[in-house]
file work-v3.csv (CSV, C-alpha atoms)
chain,number,residue,atom,x,y,z
A,609,MET,CA,37.8,17.2,4.1
A,610,VAL,CA,39.9,15.0,1.9
A,611,ASP,CA,40.9,18.0,-0.3
A,612,TYR,CA,41.8,20.0,2.7
A,613,GLU,CA,44.0,17.2,4.0
A,614,LEU,CA,45.7,16.8,0.6
A,615,ARG,CA,46.5,20.5,0.4
A,616,SER,CA,47.9,20.5,3.9
A,617,LEU,CA,50.1,17.5,3.0
A,618,GLU,CA,51.4,19.3,-0.1
A,619,ASP,CA,52.2,22.4,2.0
A,620,LEU,CA,54.1,20.2,4.5
A,621,LEU,CA,56.1,18.5,1.7
A,622,ARG,CA,57.1,21.8,0.2
A,623,GLU,CA,58.4,22.9,3.6
A,624,THR,CA,60.2,19.6,4.4
A,625,ASP,CA,63.7,18.5,3.5
A,626,ASP,CA,63.9,15.4,1.3
A,627,GLU,CA,65.3,13.2,4.1
A,628,ASP,CA,62.2,14.0,6.2
A,629,VAL,CA,59.5,13.2,3.7
A,630,GLU,CA,58.9,9.6,5.0
A,631,GLU,CA,58.5,11.0,8.5
A,632,VAL,CA,55.9,13.5,7.3
A,633,TYR,CA,54.0,10.7,5.5
A,634,LEU,CA,54.1,8.6,8.7
A,635,LEU,CA,52.8,11.4,10.9
A,636,VAL,CA,49.9,12.1,8.5
A,637,LEU,CA,49.0,8.4,8.4
A,638,VAL,CA,49.0,8.1,12.1
A,639,ASP,CA,47.0,11.2,12.5
A,640,ARG,CA,44.4,9.9,10.0
A,641,GLN,CA,44.2,6.6,11.7
A,642,GLU,CA,43.5,8.3,15.0
A,643,GLU,CA,40.7,10.4,13.4
A,644,LEU,CA,39.1,7.2,12.0
A,645,ALA,CA,39.3,5.4,15.3
A,646,GLU,CA,37.7,8.4,17.1
A,647,ALA,CA,34.9,8.5,14.5
A,648,ALA,CA,34.3,4.8,14.8
A,649,SER,CA,34.1,5.1,18.6
A,650,ARG,CA,31.7,8.0,18.3
A,651,ARG,CA,29.5,6.1,15.9
A,652,SER,CA,29.4,3.0,18.0
A,653,ALA,CA,27.7,5.0,20.8
A,654,ILE,CA,24.9,5.9,18.4
A,655,THR,CA,21.7,3.8,18.1
A,656,PHE,CA,19.2,4.9,15.5
A,657,GLU,CA,15.7,5.2,17.0
A,658,VAL,CA,12.7,6.9,15.4
A,659,ASP,CA,11.4,8.0,18.8
A,660,ASP,CA,14.6,10.1,19.4
A,661,PHE,CA,13.4,12.7,16.9
A,662,ALA,CA,10.9,15.4,17.3
A,663,ASP,CA,8.2,15.0,14.7
A,664,HIS,CA,9.0,18.2,12.8
A,665,GLU,CA,12.7,17.3,12.6
A,666,PHE,CA,11.9,13.7,11.5
A,667,ARG,CA,9.6,15.1,8.8
A,668,ARG,CA,12.3,17.4,7.5
A,669,LYS,CA,14.9,14.7,7.3
A,670,PHE,CA,12.7,11.7,6.1
A,671,ARG,CA,9.7,13.4,4.5
A,672,PHE,CA,7.2,11.4,6.6
A,673,HIS,CA,5.7,11.8,10.0
A,674,LYS,CA,7.1,9.6,12.8
A,675,GLY,CA,3.8,7.9,13.1
A,676,ASP,CA,3.8,6.9,9.4
A,677,ILE,CA,6.8,4.6,9.7
A,678,PRO,CA,5.2,1.6,11.3
A,679,ASP,CA,2.4,1.6,8.7
A,680,LEU,CA,4.9,2.1,5.9
A,681,VAL,CA,7.1,-0.8,7.0
A,682,ALA,CA,4.1,-3.1,7.4
A,683,SER,CA,2.4,-2.1,4.1
A,684,LEU,CA,5.7,-2.3,2.1
A,685,ARG,CA,6.3,-5.8,3.6
A,686,LEU,CA,9.8,-5.0,4.7
A,687,PRO,CA,11.3,-7.8,6.8
A,688,HIS,CA,11.8,-7.5,10.5
A,689,GLU,CA,15.5,-7.8,9.9
A,690,PHE,CA,17.9,-7.7,7.0
A,691,VAL,CA,21.0,-9.9,7.2
A,692,CYS,CA,23.9,-9.2,4.8
A,693,PRO,CA,26.2,-12.1,4.0
A,694,ASN,CA,29.3,-10.1,5.0
A,695,GLY,CA,28.0,-9.2,8.4
A,696,PRO,CA,25.8,-6.1,8.8
A,697,ARG,CA,22.3,-6.5,10.2
A,698,TRP,CA,19.6,-3.8,10.3
A,699,SER,CA,15.9,-3.6,10.9
A,700,GLY,CA,13.3,-2.9,8.3
A,701,VAL,CA,12.6,0.5,10.0
A,702,GLU,CA,16.3,1.5,9.8
A,703,GLY,CA,16.6,0.3,6.2
A,704,LEU,CA,13.5,2.3,5.1
A,705,CYS,CA,14.8,5.4,7.0
A,706,VAL,CA,18.3,5.1,5.3
A,707,VAL,CA,16.6,5.0,1.9
A,708,LEU,CA,14.3,8.0,2.8
A,709,ARG,CA,17.2,10.0,4.1
A,710,ARG,CA,19.5,9.3,1.2
A,711,LEU,CA,16.8,10.2,-1.4
A,712,ALA,CA,15.8,13.3,0.6
A,713,SER,CA,19.3,14.6,0.8
A,714,ALA,CA,21.7,16.0,-1.8
A,715,GLY,CA,24.7,15.1,0.3
A,716,THR,CA,26.9,12.0,0.4
A,717,MET,CA,26.6,8.8,2.5
A,718,ALA,CA,29.4,10.2,4.8
A,719,ASP,CA,27.1,13.0,5.8
A,720,HIS,CA,24.7,10.5,7.5
A,721,GLU,CA,27.3,8.5,9.5
A,722,ASP,CA,26.5,10.3,12.8
A,723,LEU,CA,22.8,10.1,12.1
A,724,PHE,CA,22.6,6.3,11.9
A,725,GLY,CA,25.8,5.4,13.8
A,726,ARG,CA,27.2,3.4,10.9
A,727,ASP,CA,30.2,4.0,8.6
A,728,GLU,CA,29.8,5.1,5.0
A,729,THR,CA,30.4,1.6,3.5
A,730,THR,CA,27.8,0.0,5.7
A,731,LEU,CA,25.3,2.7,5.0
A,732,SER,CA,25.8,2.1,1.3
A,733,ILE,CA,25.1,-1.7,1.8
A,734,VAL,CA,22.0,-0.9,3.8
A,735,PHE,CA,20.7,1.6,1.2
A,736,ASN,CA,21.3,-0.6,-1.8
A,737,THR,CA,20.0,-3.7,-0.2
A,738,THR,CA,16.8,-2.1,1.0
A,739,LEU,CA,16.3,-0.2,-2.3
A,740,THR,CA,16.6,-3.4,-4.3
A,741,PHE,CA,14.1,-5.1,-2.0
A,742,LEU,CA,11.6,-2.3,-2.6
A,743,TYR,CA,12.2,-2.3,-6.3
A,744,ASP,CA,11.9,-6.1,-6.7
A,745,THR,CA,8.8,-6.2,-4.6
A,746,TRP,CA,6.9,-3.2,-5.9
A,747,ASN,CA,8.0,-2.5,-9.4
A,748,PRO,CA,5.3,-4.8,-10.8
A,749,LEU,CA,2.8,-2.4,-9.3
A,750,PHE,CA,3.9,0.2,-11.9
A,751,VAL,CA,3.9,-2.1,-15.0
A,752,ASP,CA,0.7,-4.2,-14.4
A,753,LEU,CA,-2.4,-2.1,-14.7
A,754,ALA,CA,-4.5,-4.9,-13.4
A,755,ARG,CA,-3.0,-4.3,-10.0
A,756,HIS,CA,-5.0,-1.0,-9.9
A,757,VAL,CA,-8.1,-1.4,-12.0
A,758,GLY,CA,-11.0,-3.7,-11.6
A,759,PRO,CA,-13.3,-5.2,-9.0
A,760,GLY,CA,-11.7,-5.3,-5.6
A,761,ARG,CA,-9.0,-2.8,-6.6
A,762,TRP,CA,-8.7,0.8,-5.5
A,763,LEU,CA,-9.7,1.9,-9.0
A,764,SER,CA,-13.1,0.3,-9.1
A,765,ARG,CA,-15.8,1.3,-11.5
A,766,GLN,CA,-17.1,3.8,-8.9
A,767,HIS,CA,-13.7,5.4,-8.5
A,768,LEU,CA,-13.2,5.6,-12.3
A,769,ASP,CA,-16.6,7.3,-12.6
A,770,ALA,CA,-15.5,9.8,-9.9
A,771,ALA,CA,-12.2,10.5,-11.6
A,772,ALA,CA,-13.9,11.1,-15.0
A,773,ALA,CA,-16.5,13.4,-13.3
A,774,SER,CA,-13.8,15.4,-11.5
A,775,VAL,CA,-12.2,16.1,-14.9
A,776,VAL,CA,-15.5,17.2,-16.4
A,777,HIS,CA,-16.2,19.4,-13.3
A,778,LEU,CA,-13.0,21.4,-14.2
A,779,GLY,CA,-14.3,22.2,-17.6
A,780,ALA,CA,-12.9,19.4,-19.7
A,781,PRO,CA,-14.9,18.6,-22.9
A,782,LEU,CA,-14.2,14.8,-22.6
A,783,SER,CA,-16.3,12.9,-20.1
A,784,ASN,CA,-14.4,9.5,-20.0
A,785,ILE,CA,-10.9,10.5,-18.9
A,786,TRP,CA,-9.6,8.7,-15.8
A,787,GLY,CA,-5.9,9.5,-16.1
A,788,PHE,CA,-3.2,11.5,-17.9
A,789,ILE,CA,-0.1,10.2,-19.7
A,790,ASP,CA,3.2,11.9,-20.3
A,791,GLY,CA,7.0,11.2,-20.4
A,792,THR,CA,9.7,12.7,-18.2
A,793,ALA,CA,13.4,12.9,-18.9
A,794,ARG,CA,15.7,12.5,-15.9
A,795,PRO,CA,19.2,14.0,-16.3
A,796,ILE,CA,22.2,11.7,-15.9
A,797,CYS,CA,25.9,12.1,-16.0
A,798,LYS,CA,27.4,11.8,-19.5
A,799,PRO,CA,28.1,8.0,-19.7
A,800,SER,CA,31.5,6.8,-20.9
A,801,GLN,CA,29.8,4.5,-23.4
A,802,HIS,CA,26.9,4.7,-25.8
A,803,GLN,CA,26.6,8.5,-25.3
A,804,ARG,CA,24.5,9.1,-28.4
A,805,LEU,CA,22.0,6.5,-27.3
A,806,TRP,CA,21.3,8.4,-24.0
A,807,TYR,CA,21.4,11.9,-25.5
A,808,SER,CA,18.1,13.8,-25.9
A,809,GLY,CA,18.3,16.4,-28.7
A,810,HIS,CA,15.2,18.0,-27.3
A,811,LYS,CA,16.6,18.4,-23.8
A,812,ARG,CA,20.2,18.8,-25.0
A,813,ARG,CA,21.6,16.6,-22.4
A,814,HIS,CA,22.0,12.9,-21.5
A,815,VAL,CA,18.8,11.5,-19.9
A,816,GLN,CA,16.9,8.5,-18.9
A,817,LYS,CA,13.2,8.6,-19.9
A,818,PHE,CA,10.1,7.3,-18.1
A,819,GLN,CA,6.5,7.0,-19.2
A,820,CYS,CA,4.0,8.0,-16.5
A,821,VAL,CA,0.3,7.7,-16.0
A,822,THR,CA,-1.2,9.9,-13.2
A,823,THR,CA,-4.8,9.8,-12.0
A,824,PRO,CA,-6.8,12.7,-10.5
A,825,TYR,CA,-6.4,10.9,-7.2
A,826,GLY,CA,-2.7,12.0,-7.3
A,827,ILE,CA,-1.4,8.5,-7.7
A,828,ILE,CA,1.2,7.6,-10.3
A,829,THR,CA,-0.5,4.4,-11.6
A,830,CYS,CA,1.9,3.3,-14.3
A,831,LEU,CA,5.6,4.1,-14.6
A,832,TYR,CA,7.6,2.5,-17.4
A,833,GLY,CA,11.3,2.8,-17.8
A,834,PRO,CA,14.1,3.7,-17.8
A,835,VAL,CA,14.4,4.0,-21.5
A,836,GLU,CA,17.2,5.5,-23.6
A,837,GLY,CA,17.1,9.3,-23.9
A,838,SER,CA,16.9,9.3,-27.7
A,839,ARG,CA,13.5,7.5,-27.7
A,840,HIS,CA,10.3,9.4,-28.7
A,841,ASP,CA,7.3,9.3,-26.4
A,842,ALA,CA,5.3,7.3,-29.0
A,843,ALA,CA,8.0,4.7,-29.2
A,844,ILE,CA,8.1,4.3,-25.4
A,845,LEU,CA,4.3,3.9,-25.4
A,846,ARG,CA,4.7,1.0,-27.9
A,847,MET,CA,7.5,-0.6,-25.9
A,848,SER,CA,5.5,-0.4,-22.7
A,849,GLY,CA,2.5,-2.4,-24.0
A,850,LEU,CA,0.2,-0.1,-22.2
A,851,LEU,CA,-2.3,0.1,-25.0
A,852,ASP,CA,-2.9,-3.6,-24.8
A,853,GLN,CA,-3.5,-3.3,-21.1
A,854,LEU,CA,-6.0,-0.5,-21.5
A,855,ASP,CA,-8.2,-2.7,-23.7
A,856,THR,CA,-9.6,-4.6,-20.7
A,857,PRO,CA,-13.2,-5.1,-19.5
A,858,PRO,CA,-12.9,-3.0,-16.3
A,859,LEU,CA,-12.2,0.0,-18.5
A,860,HIS,CA,-15.3,-0.5,-20.6
A,861,ARG,CA,-18.1,1.9,-19.6
A,862,GLY,CA,-21.0,0.2,-21.5
A,863,PRO,CA,-21.9,-2.5,-24.0
A,864,ASN,CA,-20.8,-0.3,-26.9
A,865,ALA,CA,-17.2,-1.1,-27.8
A,866,ASP,CA,-16.4,2.6,-28.2
A,867,ASP,CA,-17.8,3.5,-24.8
A,868,VAL,CA,-14.6,3.2,-22.8
A,869,PHE,CA,-12.6,5.0,-20.1
A,870,ALA,CA,-9.5,6.6,-21.6
A,871,LEU,CA,-6.3,8.3,-20.9
A,872,TYR,CA,-5.4,11.8,-22.2
A,873,GLY,CA,-2.0,12.8,-23.6
A,874,ASP,CA,-0.5,15.5,-25.8
A,875,SER,CA,-0.3,15.3,-29.5
A,876,ALA,CA,2.9,13.3,-29.4
A,877,TYR,CA,0.9,10.2,-28.8
A,878,PRO,CA,-1.3,8.3,-31.3
A,879,LEU,CA,-5.1,8.7,-31.1
A,880,ARG,CA,-6.7,5.5,-30.0
A,881,ASN,CA,-10.0,4.4,-28.3
A,882,HIS,CA,-8.4,4.2,-24.9
A,883,LEU,CA,-6.0,7.1,-25.5
A,884,GLN,CA,-7.3,10.6,-26.4
A,885,VAL,CA,-4.9,13.3,-27.5
A,886,GLY,CA,-4.9,17.0,-28.2
A,887,PHE,CA,-4.9,18.6,-31.6
A,888,GLY,CA,-1.5,19.1,-33.2
A,889,GLY,CA,-0.2,21.4,-35.9
A,890,ALA,CA,0.3,25.1,-36.3
A,891,ASN,CA,-3.0,26.1,-38.0
A,892,LEU,CA,-5.7,25.2,-35.5
A,893,HIS,CA,-9.1,26.9,-35.5
A,894,ALA,CA,-10.6,28.4,-32.4
A,895,ALA,CA,-12.6,25.3,-31.3
A,896,GLN,CA,-9.5,23.1,-31.4
A,897,LEU,CA,-7.4,25.7,-29.5
A,898,GLN,CA,-10.2,25.9,-26.9
A,899,PHE,CA,-10.2,22.0,-26.6
A,900,ASN,CA,-6.5,21.9,-26.1
A,901,ALA,CA,-6.6,24.7,-23.5
A,902,SER,CA,-9.4,23.0,-21.5
A,903,MET,CA,-7.7,19.6,-21.5
A,904,SER,CA,-4.2,21.1,-20.8
A,905,LYS,CA,-5.6,22.6,-17.6
A,906,CYS,CA,-6.2,19.1,-16.3
A,907,ARG,CA,-3.3,17.4,-17.9
A,908,MET,CA,-0.9,19.6,-15.9
A,909,CYS,CA,-1.4,17.2,-13.0
A,910,VAL,CA,1.1,14.7,-14.6
A,911,GLU,CA,3.7,17.5,-14.5
A,912,TRP,CA,2.9,18.1,-10.8
A,913,SER,CA,3.6,14.4,-10.2
A,914,PHE,CA,7.0,14.7,-11.7
A,915,GLY,CA,7.7,17.8,-9.6
A,916,GLN,CA,6.4,16.2,-6.4
A,917,VAL,CA,8.8,13.2,-6.7
A,918,CYS,CA,11.8,15.4,-7.2
A,919,SER,CA,10.9,18.0,-4.6
A,920,LYS,CA,10.5,15.4,-1.9
A,921,PHE,CA,13.6,13.5,-3.0
A,922,PRO,CA,16.2,16.1,-4.3
A,923,PHE,CA,18.9,13.4,-4.6
A,924,LEU,CA,17.2,12.6,-8.0
A,925,ASP,CA,18.1,16.1,-9.3
A,926,MET,CA,21.8,15.8,-8.4
A,927,ARG,CA,23.0,14.9,-11.9
A,928,PRO,CA,26.7,14.3,-10.8
A,929,ARG,CA,25.4,11.5,-8.6
A,930,GLN,CA,23.3,9.9,-11.4
A,931,ARG,CA,26.1,7.8,-12.9
A,932,LEU,CA,24.5,5.3,-15.3
A,933,LEU,CA,27.1,2.6,-15.5
A,934,LEU,CA,28.1,2.8,-11.9
A,935,GLN,CA,24.7,3.1,-10.0
A,936,PRO,CA,21.2,1.7,-10.4
A,937,VAL,CA,19.9,5.1,-11.5
A,938,GLY,CA,16.6,3.8,-12.8
A,939,LYS,CA,15.8,2.1,-9.5
A,940,TYR,CA,16.3,5.4,-7.7
A,941,TYR,CA,13.5,7.1,-9.6
A,942,ILE,CA,11.1,4.2,-9.5
A,943,VAL,CA,11.5,3.6,-5.7
A,944,ALA,CA,11.2,7.4,-5.1
A,945,SER,CA,7.9,7.4,-7.1
A,946,LEU,CA,6.6,4.5,-5.0
A,947,LEU,CA,7.4,6.4,-1.8
A,948,ALA,CA,5.8,9.6,-3.2
A,949,ASN,CA,2.7,7.6,-3.9
A,950,CYS,CA,2.7,6.3,-0.3
A,951,HIS,CA,3.0,9.8,1.0
A,952,THR,CA,0.0,10.8,-1.2
A,953,CYS,CA,-2.0,7.9,0.3
A,954,LEU,CA,-1.2,9.2,3.8
A,955,HIS,CA,-1.4,12.9,3.3
A,956,GLY,CA,-2.8,13.7,-0.1
A,957,ASN,CA,-1.1,16.1,-2.6
A,958,ILE,CA,-1.7,19.1,-4.9
A,959,THR,CA,-3.3,16.9,-7.6
A,960,SER,CA,-5.9,15.2,-5.3
A,961,SER,CA,-6.7,18.6,-3.8
A,962,PHE,CA,-7.1,20.2,-7.3
A,963,PHE,CA,-9.6,17.5,-8.4
A,964,ASP,CA,-11.2,17.3,-5.0
A,965,LEU,CA,-10.7,13.6,-4.6
A,966,THR,CA,-9.6,11.4,-1.7
A,967,PRO,CA,-6.6,9.2,-2.5
A,968,PRO,CA,-6.7,5.5,-1.6
A,969,THR,CA,-5.5,4.3,1.8
A,970,LEU,CA,-2.0,2.9,2.0
A,971,GLN,CA,-3.4,-0.6,2.4
A,972,GLU,CA,-5.7,-0.2,-0.6
A,973,TYR,CA,-3.0,1.1,-2.8
A,974,LEU,CA,-0.4,-1.7,-1.9
A,975,ALA,CA,-3.0,-4.5,-1.8
A,976,GLN,CA,-1.8,-7.6,-3.7
call {"tool": "encode", "arguments": {"input": "work-v3.csv", "output": "structure tokens"}}
result
Amino acid sequence: MVDYELRSLEDLLRETDDEDVEEVYLLVLVDRQEELAEAASRRSAITFEVDDFADHEFRRKFRFHKGDIPDLVASLRLPHEFVCPNGPRWSGVEGLCVVLRRLASAGTMADHEDLFGRDETTLSIVFNTTLTFLYDTWNPLFVDLARHVGPGRWLSRQHLDAAAASVVHLGAPLSNIWGFIDGTARPICKPSQHQRLWYSGHKRRHVQKFQCVTTPYGIITCLYGPVEGSRHDAAILRMSGLLDQLDTPPLHRGPNADDVFALYGDSAYPLRNHLQVGFGGANLHAAQLQFNASMSKCRMCVEWSFGQVCSKFPFLDMRPRQRLLLQPVGKYYIVASLLANCHTCLHGNITSSFFDLTPPTLQEYLAQ
């Protein structure tokens, strides 16, 4: 719209005598003010209500069913009302829906003004405030493995055994694998500073990297990042401290120190008791190739997790909008992963179906 208006103004100026230029500017300004006043009046008559949407329309716009929203708001511990120091107020329901709609859309905030009855600036405040609340409250869930594993947690010994058995059932030669680890590189705009630090030679673009652990239940259990795009997966593993967290009693299967539940990753990772990896190198014999092929069939689920997050929330794939020094780009991906996990708890996903396991309930997953 703005480009169109600017082009029209240029056309007007070319056709106008010099003494009439000020009058043209004044007419354009008055016309623009009238448009803004009309838009503000239209928005003031709009009140956002979940019940105003048909369920199929709501699911298309917000990725969840209408009936999921009360459970989500309660489980995510969103406040009844947000109050911003400079005036705007909004409910937890509206804040969550603004976050969902923004992440689920590749458009701009201005595209959602008529949906929520708020101007672009206010919507940005609602989005960023609610996003920050979700990040501050739930990011520890991704960096502290003890929040998932152990007695009273959703990954109890029984669930770890079931996860390992589901991997074996699909033909994997290892019988102690409870999850899969891999890294993902999220594209960003070329930053104006420290470009080499964020450049990935492998991806040939500027990226932020995250380390992810996915379970056969379809849940992203650990998510570490963002990290500079030039970092190797093994370096990110060391930075995350995950190996220390894996050496914990709930992940010991028996009295023998070597009898443990383990993660599985590709050959970029170091081989450890709690981290099994595929065979690397160019000259592998048939048994090693067969081992890699059998485990890769299961390890693909971590790639499905990356795809699920971005397919549900395509805003993350809009590289022109991932401006590192201007926006909290890392928060976008972490909060989107949290919401994708919540969707899995409520409706399952391709990974849980592939391994024939039932994900935890929303309350089990978000239990403190």
call {"tool": "residues_around", "arguments": {"input": "work-v3.csv", "residues": "Leu686 of chain A", "least_positions_apart": "3", "cutoff": "9 Å", "atoms": "all atoms listed in the file", "output": "ChimeraX atom specification"}}
result
/A:680-683,689-690,699-701,703-704,738,741-742
call {"tool": "closest_residue", "arguments": {"input": "work-v3.csv", "among": "A:Val917, A:Tyr973, A:Asn784, A:Leu892", "to": "Asp866 of chain A", "atoms": "all atoms listed in the file"}}
result
A:Asn784
call {"tool": "closest_residue", "arguments": {"input": "work-v3.csv", "among": "A:Ser960, A:Ser783, A:Thr952, A:Ser945", "to": "Tyr743 of chain A", "atoms": "all atoms listed in the file"}}
result
A:Ser945
call {"tool": "atom_distance", "arguments": {"input": "work-v3.csv", "atom1": "atom CA of Gly837 of chain A", "atom2": "atom CA of Arg671 of chain A"}}
result
29.6 Å
call {"tool": "residues_around", "arguments": {"input": "work-v3.csv", "residues": "Asp841 of chain A", "least_positions_apart": "6", "cutoff": "12 Å", "atoms": "all atoms listed in the file", "output": "list in words"}}
result
Ile789, Asp790, Gly791, Thr792, Ala793, Ser808, His810, Lys817, Phe818, Gln819, Cys820, Tyr832, Gly833, Val835, Met847, Ser848, Gly873, Asp874, Ser875, Ala876, Tyr877 and Pro878 of chain A
call {"tool": "atom_distance", "arguments": {"input": "work-v3.csv", "atom1": "atom CA of His951 of chain A", "atom2": "atom CA of Gln971 of chain A"}}
result
12.3 Å
call {"tool": "atom_distance", "arguments": {"input": "work-v3.csv", "atom1": "atom CA of Thr730 of chain A", "atom2": "atom CA of Ala718 of chain A"}}
result
10.4 Å
call {"tool": "residues_near_point", "arguments": {"input": "work-v3.csv", "point": "(30.3, 12.2, 4.8)", "cutoff": "12 Å", "atoms": "only C-alpha atoms", "output": "list in words"}}
result
Met609, Val610, Ala647, Arg710, Ser713, Ala714, Gly715, Thr716, Met717, Ala718, Asp719, His720, Glu721, Asp722, Leu723, Arg726, Asp727, Glu728, Thr729, Leu731 and Ser732 of chain A
call {"tool": "closest_residue", "arguments": {"input": "work-v3.csv", "among": "A:Lys905, A:Gly938, A:Ala843, A:Gly826", "to": "Gly779 of chain A", "atoms": "all atoms listed in the file"}}
result
A:Lys905
call {"tool": "closest_residue", "arguments": {"input": "work-v3.csv", "among": "A:Leu974, A:Cys950, A:Asp867, A:Leu708", "to": "Phe921 of chain A", "atoms": "only C-alpha atoms"}}
result
A:Leu708
call {"tool": "residues_around", "arguments": {"input": "work-v3.csv", "residues": "segment 868-872 of chain A", "least_positions_apart": "5", "cutoff": "9 Å", "atoms": "only C-alpha atoms", "output": "PDB file with C-alpha atoms, in the coordinates of the input"}}
result
ATOM      1  CA  LEU A 768     -13.200   5.600 -12.300  1.00  0.00           C
ATOM      2  CA  ASP A 769     -16.600   7.300 -12.600  1.00  0.00           C
ATOM      3  CA  ALA A 772     -13.900  11.100 -15.000  1.00  0.00           C
ATOM      4  CA  SER A 783     -16.300  12.900 -20.100  1.00  0.00           C
ATOM      5  CA  ASN A 784     -14.400   9.500 -20.000  1.00  0.00           C
ATOM      6  CA  ILE A 785     -10.900  10.500 -18.900  1.00  0.00           C
ATOM      7  CA  TRP A 786      -9.600   8.700 -15.800  1.00  0.00           C
ATOM      8  CA  GLY A 787      -5.900   9.500 -16.100  1.00  0.00           C
ATOM      9  CA  PHE A 788      -3.200  11.500 -17.900  1.00  0.00           C
ATOM     10  CA  ILE A 789      -0.100  10.200 -19.700  1.00  0.00           C
ATOM     11  CA  ASP A 790       3.200  11.900 -20.300  1.00  0.00           C
ATOM     12  CA  VAL A 821       0.300   7.700 -16.000  1.00  0.00           C
ATOM     13  CA  LEU A 854      -6.000  -0.500 -21.500  1.00  0.00           C
ATOM     14  CA  ASP A 855      -8.200  -2.700 -23.700  1.00  0.00           C
ATOM     15  CA  PRO A 858     -12.900  -3.000 -16.300  1.00  0.00           C
ATOM     16  CA  LEU A 859     -12.200   0.000 -18.500  1.00  0.00           C
ATOM     17  CA  HIS A 860     -15.300  -0.500 -20.600  1.00  0.00           C
ATOM     18  CA  ARG A 861     -18.100   1.900 -19.600  1.00  0.00           C
ATOM     19  CA  GLY A 862     -21.000   0.200 -21.500  1.00  0.00           C
ATOM     20  CA  ARG A 880      -6.700   5.500 -30.000  1.00  0.00           C
ATOM     21  CA  ASN A 881     -10.000   4.400 -28.300  1.00  0.00           C
ATOM     22  CA  HIS A 882      -8.400   4.200 -24.900  1.00  0.00           C
ATOM     23  CA  LEU A 883      -6.000   7.100 -25.500  1.00  0.00           C
ATOM     24  CA  GLN A 884      -7.300  10.600 -26.400  1.00  0.00           C
ATOM     25  CA  VAL A 885      -4.900  13.300 -27.500  1.00  0.00           C
ATOM     26  CA  GLY A 886      -4.900  17.000 -28.200  1.00  0.00           C
ATOM     27  CA  MET A 903      -7.700  19.600 -21.500  1.00  0.00           C
ATOM     28  CA  ARG A 907      -3.300  17.400 -17.900  1.00  0.00           C
TER      29      ARG A 907
END
call {"tool": "closest_residue", "arguments": {"input": "work-v3.csv", "among": "A:Met926, A:Leu845, A:Leu954, A:Ile827", "to": "Trp912 of chain A", "atoms": "only C-alpha atoms"}}
result
A:Ile827
call {"tool": "closest_residue", "arguments": {"input": "work-v3.csv", "among": "A:Arg929, A:Arg709, A:His664, A:His756", "to": "Pro968 of chain A", "atoms": "all atoms listed in the file"}}
result
A:His756
call {"tool": "residues_near_point", "arguments": {"input": "work-v3.csv", "point": "(-10.8, 5.3, -2.9)", "cutoff": "10 Å", "atoms": "all atoms listed in the file", "output": "number ranges by chain"}}
result
A: 761-764, 766-768, 770, 825, 953, 965-969, 972-973
call {"tool": "write_last_selection", "arguments": {"input": "work-v3.csv", "atoms": "C-alpha atoms", "output": "PDB file, in the coordinates of the input"}}
result
ATOM      1  CA  ARG A 761      -9.000  -2.800  -6.600  1.00  0.00           C
ATOM      2  CA  TRP A 762      -8.700   0.800  -5.500  1.00  0.00           C
ATOM      3  CA  LEU A 763      -9.700   1.900  -9.000  1.00  0.00           C
ATOM      4  CA  SER A 764     -13.100   0.300  -9.100  1.00  0.00           C
ATOM      5  CA  GLN A 766     -17.100   3.800  -8.900  1.00  0.00           C
ATOM      6  CA  HIS A 767     -13.700   5.400  -8.500  1.00  0.00           C
ATOM      7  CA  LEU A 768     -13.200   5.600 -12.300  1.00  0.00           C
ATOM      8  CA  ALA A 770     -15.500   9.800  -9.900  1.00  0.00           C
ATOM      9  CA  TYR A 825      -6.400  10.900  -7.200  1.00  0.00           C
ATOM     10  CA  CYS A 953      -2.000   7.900   0.300  1.00  0.00           C
ATOM     11  CA  LEU A 965     -10.700  13.600  -4.600  1.00  0.00           C
ATOM     12  CA  THR A 966      -9.600  11.400  -1.700  1.00  0.00           C
ATOM     13  CA  PRO A 967      -6.600   9.200  -2.500  1.00  0.00           C
ATOM     14  CA  PRO A 968      -6.700   5.500  -1.600  1.00  0.00           C
ATOM     15  CA  THR A 969      -5.500   4.300   1.800  1.00  0.00           C
ATOM     16  CA  GLU A 972      -5.700  -0.200  -0.600  1.00  0.00           C
ATOM     17  CA  TYR A 973      -3.000   1.100  -2.800  1.00  0.00           C
TER      18      TYR A 973
END
call {"tool": "decode", "arguments": {"input": "work-v3.csv", "residues": "segment 711-716 of chain A", "atoms": "N, CA and C atoms", "output": "JSON list (two decimals), in the first residue's frame"}}
result
[["chain", "number", "residue", "atom", "x", "y", "z"],
["A", 711, "LEU", "N", 3.16, -16.42, 14.36],
["A", 711, "LEU", "CA", 4.08, -17.48, 13.97],
["A", 711, "LEU", "C", 3.53, -18.34, 12.83],
["A", 712, "ALA", "N", 2.20, -18.42, 12.74],
["A", 712, "ALA", "CA", 1.57, -19.26, 11.71],
["A", 712, "ALA", "C", 1.39, -18.52, 10.39],
["A", 713, "SER", "N", 1.78, -17.26, 10.35],
["A", 713, "SER", "CA", 1.56, -16.46, 9.15],
["A", 713, "SER", "C", 2.89, -15.90, 8.65],
["A", 714, "ALA", "N", 3.02, -15.82, 7.35],
["A", 714, "ALA", "CA", 4.22, -15.24, 6.76],
["A", 714, "ALA", "C", 4.05, -13.75, 6.49],
["A", 715, "GLY", "N", 2.90, -13.18, 6.88],
["A", 715, "GLY", "CA", 2.63, -11.78, 6.62],
["A", 715, "GLY", "C", 3.21, -10.87, 7.69],
["A", 716, "THR", "N", 2.75, -9.63, 7.69],
["A", 716, "THR", "CA", 3.19, -8.63, 8.65],
["A", 716, "THR", "C", 2.13, -8.44, 9.72]]
